[in-house]
Structures are given as C-alpha cells and as structure tokens.
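Raw coords-v1.cif, mmCIF, C-alpha atoms:
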data_work
#
loop_
_atom_site.label_atom_id
_atom_site.label_comp_id
_atom_site.auth_asym_id
_atom_site.auth_seq_id
_atom_site.Cartn_x
_atom_site.Cartn_y
_atom_site.Cartn_z
CA MET A 29 -12.39 -17.68 -38.91
CA GLY A 30 -9.07 -17.05 -40.65
CA SER A 31 -8.05 -14.39 -38.13
CA LEU A 32 -8.78 -16.78 -35.25
CA ILE A 33 -6.49 -19.42 -36.76
CA LEU A 34 -3.80 -16.79 -37.33
CA LEU A 35 -4.10 -15.63 -33.72
CA ALA A 36 -3.83 -19.20 -32.45
CA SER A 37 -0.76 -19.82 -34.64
CA VAL A 38 0.97 -16.67 -33.40
CA ALA A 39 0.16 -17.58 -29.78
CA ALA A 40 1.56 -21.10 -30.24
CA ALA A 41 4.71 -19.74 -31.88
CA GLY A 42 5.14 -17.23 -29.05
CA CYS A 43 4.78 -19.91 -26.38
CA SER A 44 7.29 -22.12 -28.20
CA LEU A 45 9.84 -19.30 -28.43
CA TYR A 46 9.34 -18.52 -24.75
CA TYR A 47 9.97 -22.17 -23.78
CA ILE A 48 13.06 -22.38 -26.01
CA GLY A 49 14.42 -19.23 -24.38
CA ALA A 50 13.68 -20.57 -20.91
CA CYS A 51 15.50 -23.82 -21.70
CA ALA A 52 18.50 -21.89 -23.02
CA ILE A 53 18.76 -19.54 -20.02
CA PHE A 54 17.54 -21.87 -17.26
CA PRO A 55 18.38 -25.47 -18.29
CA PHE A 56 17.48 -26.91 -14.87
CA GLY A 57 14.07 -27.15 -13.22
CA SER A 58 12.90 -28.42 -9.86
CA CYS A 59 12.67 -32.16 -9.37
CA ARG A 60 9.04 -33.26 -9.41
CA ARG A 61 9.48 -36.20 -7.08
CA CYS A 62 11.00 -34.30 -4.15
CA ASP A 63 9.63 -30.82 -5.04
CA GLY A 64 13.16 -29.44 -5.32
CA THR A 65 14.30 -30.28 -1.80
CA GLY A 66 16.49 -33.27 -2.70
CA LYS A 67 15.02 -35.28 0.17
CA LEU A 68 12.20 -37.79 0.40
CA ARG A 69 10.58 -37.97 3.80
CA ASN A 70 9.31 -41.12 5.46
CA PRO A 71 5.49 -41.02 5.50
CA LEU A 72 5.33 -42.57 8.98
CA SER A 73 8.03 -40.51 10.66
CA ARG A 74 8.36 -37.02 9.18
CA LYS A 75 11.82 -36.63 10.75
CA MET A 76 13.53 -39.42 8.81
CA PHE A 77 14.46 -38.84 5.18
CA ARG A 78 16.64 -40.17 2.36
CA LEU A 79 18.10 -38.58 -0.73
CA CYS A 80 15.87 -38.47 -3.79
CA PRO A 81 16.95 -41.17 -6.28
CA ARG A 82 15.70 -39.25 -9.32
CA CYS A 83 17.80 -36.10 -8.79
CA THR A 84 20.44 -37.75 -6.53
CA GLY A 85 19.79 -35.24 -3.77
CA THR A 86 20.40 -32.07 -5.81
CA GLY A 87 16.74 -31.07 -6.17
CA ARG A 88 17.31 -30.15 -9.84
CA ARG A 89 16.58 -31.89 -13.12
CA VAL A 90 17.37 -31.09 -16.74
CA ARG A 91 14.36 -29.76 -18.65
CA ILE A 92 12.99 -31.82 -21.53
CA GLY A 93 13.57 -29.04 -24.05
CA ARG A 94 17.22 -28.82 -23.03
CA ARG A 95 17.61 -32.60 -23.42
CA ILE A 96 16.17 -32.39 -26.94
CA TYR A 97 18.51 -29.50 -27.78
CA GLU A 98 21.57 -31.39 -26.49
CA HIS A 99 20.58 -34.52 -28.42
CA LEU A 100 20.12 -32.60 -31.69
CA ARG A 101 23.42 -30.78 -31.16
CA ALA A 102 25.25 -34.08 -30.58
CA GLU A 103 23.65 -35.61 -33.68
CA HIS A 104 24.71 -32.63 -35.76
CA ARG A 105 28.24 -32.71 -34.37
CA ASN A 106 28.57 -36.46 -35.01
CA GLY A 107 27.09 -36.17 -38.49
CA THR A 108 29.32 -33.33 -39.65
CA ARG A 109 32.56 -34.60 -38.15
CA GLY A 110 34.98 -35.50 -40.91
CA THR A 111 36.22 -39.08 -41.09
CA ARG A 112 39.99 -39.32 -41.36
#
Structure translated into structure tokens:
Amino acid sequence: MGSLILLASVAAAGCSLYYIGACAIFPFGSCRRCDGTGKLRNPLSRKMFRLCPRCTGTGRRVRIGRRIYEHLRAEHRNGTRGTR
C-alpha cells in the first residue's frame, strides 16, 4: 500500500512539473470558444462570421498556470519593493 501511494505522489509531482514547464515555454493555448480560429460562425449561415469576443480574434488565450505565475510574481515584486 505504501509503494502505491509513493507511486501516485511521484506521478502527481511529475505531471505538475510538466504543466509548469509547458506554461513557461508555451504561455498561450488555443481559445476554447472559437477552437483557435478567432472567428465565430453564424449557426444559420455558415459563411457569415464575427470575431471571437473572448480572444478578440487572435485565437489564443493565456493559460491558467501562466496567469497564476504572473500574479505571484507581481505580488512578490510589489511586496519586496522598497518604500522611499
């Protein structure tokens, strides 16, 4: 039983490190609303489209892990900045 828990802990740590690395190297992912195209098509007429409001037509979004990293970095920077 102890080896199973150890294996699960190592697997969880490995997945976490992989996601942290992916957020550091590739901070942007595909937009989920428009599937990375940047356009939303009209359901009645497939020819008409408009720009996706979530990604503003870029088709990319910032990953959640990268947002957390940027927030923690800003908090650290603001907390350690000397007051003059």
Would you pick out the contacts of range 87-92 of chain A at 10 Å or less, using all atoms listed in the file, so that residues sharing its chain but fewer than 5 positions from it are not included, and give the list as a PyMOL selection string? chain A and resi 50-52+54-67+79-80+82+97-98
Mind writing the picked residues with C-alpha atoms as a PDB file, in the frame of the given file?
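After the write, out_22.pdb holds the following:
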ATOM      1  CA  ALA A  50      13.680 -20.570 -20.910  1.00  0.00           C
ATOM      2  CA  CYS A  51      15.500 -23.820 -21.700  1.00  0.00           C
ATOM      3  CA  ALA A  52      18.500 -21.890 -23.020  1.00  0.00           C
ATOM      4  CA  PHE A  54      17.540 -21.870 -17.260  1.00  0.00           C
ATOM      5  CA  PRO A  55      18.380 -25.470 -18.290  1.00  0.00           C
ATOM      6  CA  PHE A  56      17.480 -26.910 -14.870  1.00  0.00           C
ATOM      7  CA  GLY A  57      14.070 -27.150 -13.220  1.00  0.00           C
ATOM      8  CA  SER A  58      12.900 -28.420  -9.860  1.00  0.00           C
ATOM      9  CA  CYS A  59      12.670 -32.160  -9.370  1.00  0.00           C
ATOM     10  CA  ARG A  60       9.040 -33.260  -9.410  1.00  0.00           C
ATOM     11  CA  ARG A  61       9.480 -36.200  -7.080  1.00  0.00           C
ATOM     12  CA  CYS A  62      11.000 -34.300  -4.150  1.00  0.00           C
ATOM     13  CA  ASP A  63       9.630 -30.820  -5.040  1.00  0.00           C
ATOM     14  CA  GLY A  64      13.160 -29.440  -5.320  1.00  0.00           C
ATOM     15  CA  THR A  65      14.300 -30.280  -1.800  1.00  0.00           C
ATOM     16  CA  GLY A  66      16.490 -33.270  -2.700  1.00  0.00           C
ATOM     17  CA  LYS A  67      15.020 -35.280   0.170  1.00  0.00           C
ATOM     18  CA  LEU A  79      18.100 -38.580  -0.730  1.00  0.00           C
ATOM     19  CA  CYS A  80      15.870 -38.470  -3.790  1.00  0.00           C
ATOM     20  CA  ARG A  82      15.700 -39.250  -9.320  1.00  0.00           C
ATOM     21  CA  TYR A  97      18.510 -29.500 -27.780  1.00  0.00           C
ATOM     22  CA  GLU A  98      21.570 -31.390 -26.490  1.00  0.00           C
TER      23      GLU A  98
END
As an exercise, work out the distance from CA of Gly93 in chain A to CA of Ile48 in chain A in Å and give it to one decimal place.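 CA of Gly93 in chain A sits 7.0 Å away from CA of Ile48 in chain A.
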How many Å lie between CA of Ser31 in chain A and CA of Tyr46 in chain A, rounded to one decimal?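 About the pair CA of Ser31 in chain A and CA of Tyr46 in chain A: they are 22.3 Å apart.
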Export range 50-63 of chain A, all heavy atoms, as an mmCIF file, in the first residue's frame; it's the structure right above.
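So part29.cif came out as:
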data_model
loop_
_atom_site.group_PDB
_atom_site.id
_atom_site.type_symbol
_atom_site.label_atom_id
_atom_site.label_comp_id
_atom_site.auth_asym_id
_atom_site.auth_seq_id
_atom_site.Cartn_x
_atom_site.Cartn_y
_atom_site.Cartn_z
ATOM 1 N N ALA A 50 5.365 23.504 -19.358
ATOM 2 C CA ALA A 50 4.565 23.868 -20.531
ATOM 3 C C ALA A 50 4.089 25.318 -20.438
ATOM 4 O O ALA A 50 4.074 26.036 -21.438
ATOM 5 C CB ALA A 50 3.370 22.926 -20.675
ATOM 6 N N CYS A 51 3.724 25.764 -19.245
ATOM 7 C CA CYS A 51 3.286 27.154 -19.074
ATOM 8 C C CYS A 51 4.447 28.122 -19.237
ATOM 9 O O CYS A 51 4.254 29.246 -19.699
ATOM 10 C CB CYS A 51 2.646 27.340 -17.704
ATOM 11 S SG CYS A 51 1.020 26.598 -17.564
ATOM 12 N N ALA A 52 5.652 27.705 -18.872
ATOM 13 C CA ALA A 52 6.812 28.579 -19.021
ATOM 14 C C ALA A 52 7.232 28.694 -20.483
ATOM 15 O O ALA A 52 7.583 29.771 -20.954
ATOM 16 C CB ALA A 52 7.970 28.053 -18.180
ATOM 17 N N ILE A 53 7.199 27.583 -21.213
ATOM 18 C CA ILE A 53 7.653 27.582 -22.606
ATOM 19 C C ILE A 53 6.555 28.051 -23.557
ATOM 20 O O ILE A 53 6.806 28.827 -24.478
ATOM 21 C CB ILE A 53 8.146 26.179 -22.992
ATOM 22 C CG1 ILE A 53 9.356 25.803 -22.145
ATOM 23 C CG2 ILE A 53 8.510 26.112 -24.469
ATOM 24 C CD1 ILE A 53 9.772 24.376 -22.268
ATOM 25 N N PHE A 54 5.345 27.571 -23.343
ATOM 26 C CA PHE A 54 4.207 27.908 -24.205
ATOM 27 C C PHE A 54 3.122 28.579 -23.363
ATOM 28 O O PHE A 54 2.189 27.920 -22.911
ATOM 29 C CB PHE A 54 3.631 26.652 -24.855
ATOM 30 C CG PHE A 54 4.630 25.823 -25.583
ATOM 31 C CD1 PHE A 54 5.026 24.591 -25.094
ATOM 32 C CD2 PHE A 54 5.183 26.265 -26.766
ATOM 33 C CE1 PHE A 54 5.941 23.826 -25.757
ATOM 34 C CE2 PHE A 54 6.098 25.508 -27.447
ATOM 35 C CZ PHE A 54 6.498 24.282 -26.946
ATOM 36 N N PRO A 55 3.207 29.900 -23.129
ATOM 37 C CA PRO A 55 2.242 30.552 -22.240
ATOM 38 C C PRO A 55 0.840 30.692 -22.839
ATOM 39 O O PRO A 55 -0.106 30.932 -22.118
ATOM 40 C CB PRO A 55 2.851 31.930 -21.989
ATOM 41 C CG PRO A 55 3.731 32.175 -23.146
ATOM 42 C CD PRO A 55 4.225 30.829 -23.592
ATOM 43 N N PHE A 56 0.700 30.523 -24.148
ATOM 44 C CA PHE A 56 -0.605 30.675 -24.785
ATOM 45 C C PHE A 56 -1.145 29.328 -25.246
ATOM 46 O O PHE A 56 -0.409 28.479 -25.719
ATOM 47 C CB PHE A 56 -0.519 31.614 -25.995
ATOM 48 C CG PHE A 56 -0.158 33.007 -25.636
ATOM 49 C CD1 PHE A 56 1.130 33.464 -25.790
ATOM 50 C CD2 PHE A 56 -1.106 33.866 -25.125
ATOM 51 C CE1 PHE A 56 1.473 34.751 -25.452
ATOM 52 C CE2 PHE A 56 -0.779 35.163 -24.780
ATOM 53 C CZ PHE A 56 0.521 35.599 -24.935
ATOM 54 N N GLY A 57 -2.462 29.162 -25.116
ATOM 55 C CA GLY A 57 -3.155 27.993 -25.616
ATOM 56 C C GLY A 57 -4.252 28.426 -26.570
ATOM 57 O O GLY A 57 -4.516 29.617 -26.743
ATOM 58 N N SER A 58 -4.901 27.470 -27.197
ATOM 59 C CA SER A 58 -5.984 27.790 -28.117
ATOM 60 C C SER A 58 -7.224 28.232 -27.349
ATOM 61 O O SER A 58 -7.520 27.710 -26.274
ATOM 62 C CB SER A 58 -6.341 26.577 -28.966
ATOM 63 O OG SER A 58 -5.255 26.221 -29.760
ATOM 64 N N CYS A 59 -7.933 29.185 -27.920
ATOM 65 C CA CYS A 59 -9.175 29.657 -27.323
ATOM 66 C C CYS A 59 -10.202 28.531 -27.397
ATOM 67 O O CYS A 59 -10.359 27.879 -28.422
ATOM 68 C CB CYS A 59 -9.677 30.888 -28.072
ATOM 69 S SG CYS A 59 -11.241 31.534 -27.456
ATOM 70 N N ARG A 60 -10.909 28.309 -26.308
ATOM 71 C CA ARG A 60 -11.881 27.215 -26.276
ATOM 72 C C ARG A 60 -13.188 27.570 -26.966
ATOM 73 O O ARG A 60 -13.878 26.710 -27.482
ATOM 74 C CB ARG A 60 -12.153 26.825 -24.832
ATOM 75 C CG ARG A 60 -10.959 26.174 -24.190
ATOM 76 C CD ARG A 60 -11.321 25.597 -22.838
ATOM 77 N NE ARG A 60 -10.138 25.044 -22.229
ATOM 78 C CZ ARG A 60 -9.678 25.421 -21.057
ATOM 79 N NH1 ARG A 60 -10.310 26.332 -20.367
ATOM 80 N NH2 ARG A 60 -8.585 24.888 -20.568
ATOM 81 N N ARG A 61 -13.520 28.839 -26.974
ATOM 82 C CA ARG A 61 -14.791 29.246 -27.564
ATOM 83 C C ARG A 61 -14.768 29.121 -29.087
ATOM 84 O O ARG A 61 -15.713 28.643 -29.699
ATOM 85 C CB ARG A 61 -15.141 30.665 -27.164
ATOM 86 C CG ARG A 61 -16.474 31.120 -27.751
ATOM 87 C CD ARG A 61 -16.857 32.475 -27.293
ATOM 88 N NE ARG A 61 -17.496 32.377 -25.988
ATOM 89 C CZ ARG A 61 -17.949 33.416 -25.313
ATOM 90 N NH1 ARG A 61 -17.808 34.626 -25.781
ATOM 91 N NH2 ARG A 61 -18.525 33.256 -24.153
ATOM 92 N N CYS A 62 -13.677 29.570 -29.711
ATOM 93 C CA CYS A 62 -13.619 29.565 -31.181
ATOM 94 C C CYS A 62 -12.717 28.447 -31.719
ATOM 95 O O CYS A 62 -12.470 28.387 -32.925
ATOM 96 C CB CYS A 62 -13.140 30.914 -31.693
ATOM 97 S SG CYS A 62 -11.457 31.314 -31.201
ATOM 98 N N ASP A 63 -12.200 27.581 -30.863
ATOM 99 C CA ASP A 63 -11.302 26.488 -31.234
ATOM 100 C C ASP A 63 -10.032 26.982 -31.908
ATOM 101 O O ASP A 63 -9.468 26.317 -32.776
ATOM 102 C CB ASP A 63 -12.003 25.468 -32.133
ATOM 103 C CG ASP A 63 -13.125 24.748 -31.414
ATOM 104 O OD1 ASP A 63 -12.982 24.520 -30.202
ATOM 105 O OD2 ASP A 63 -14.135 24.426 -32.059
#
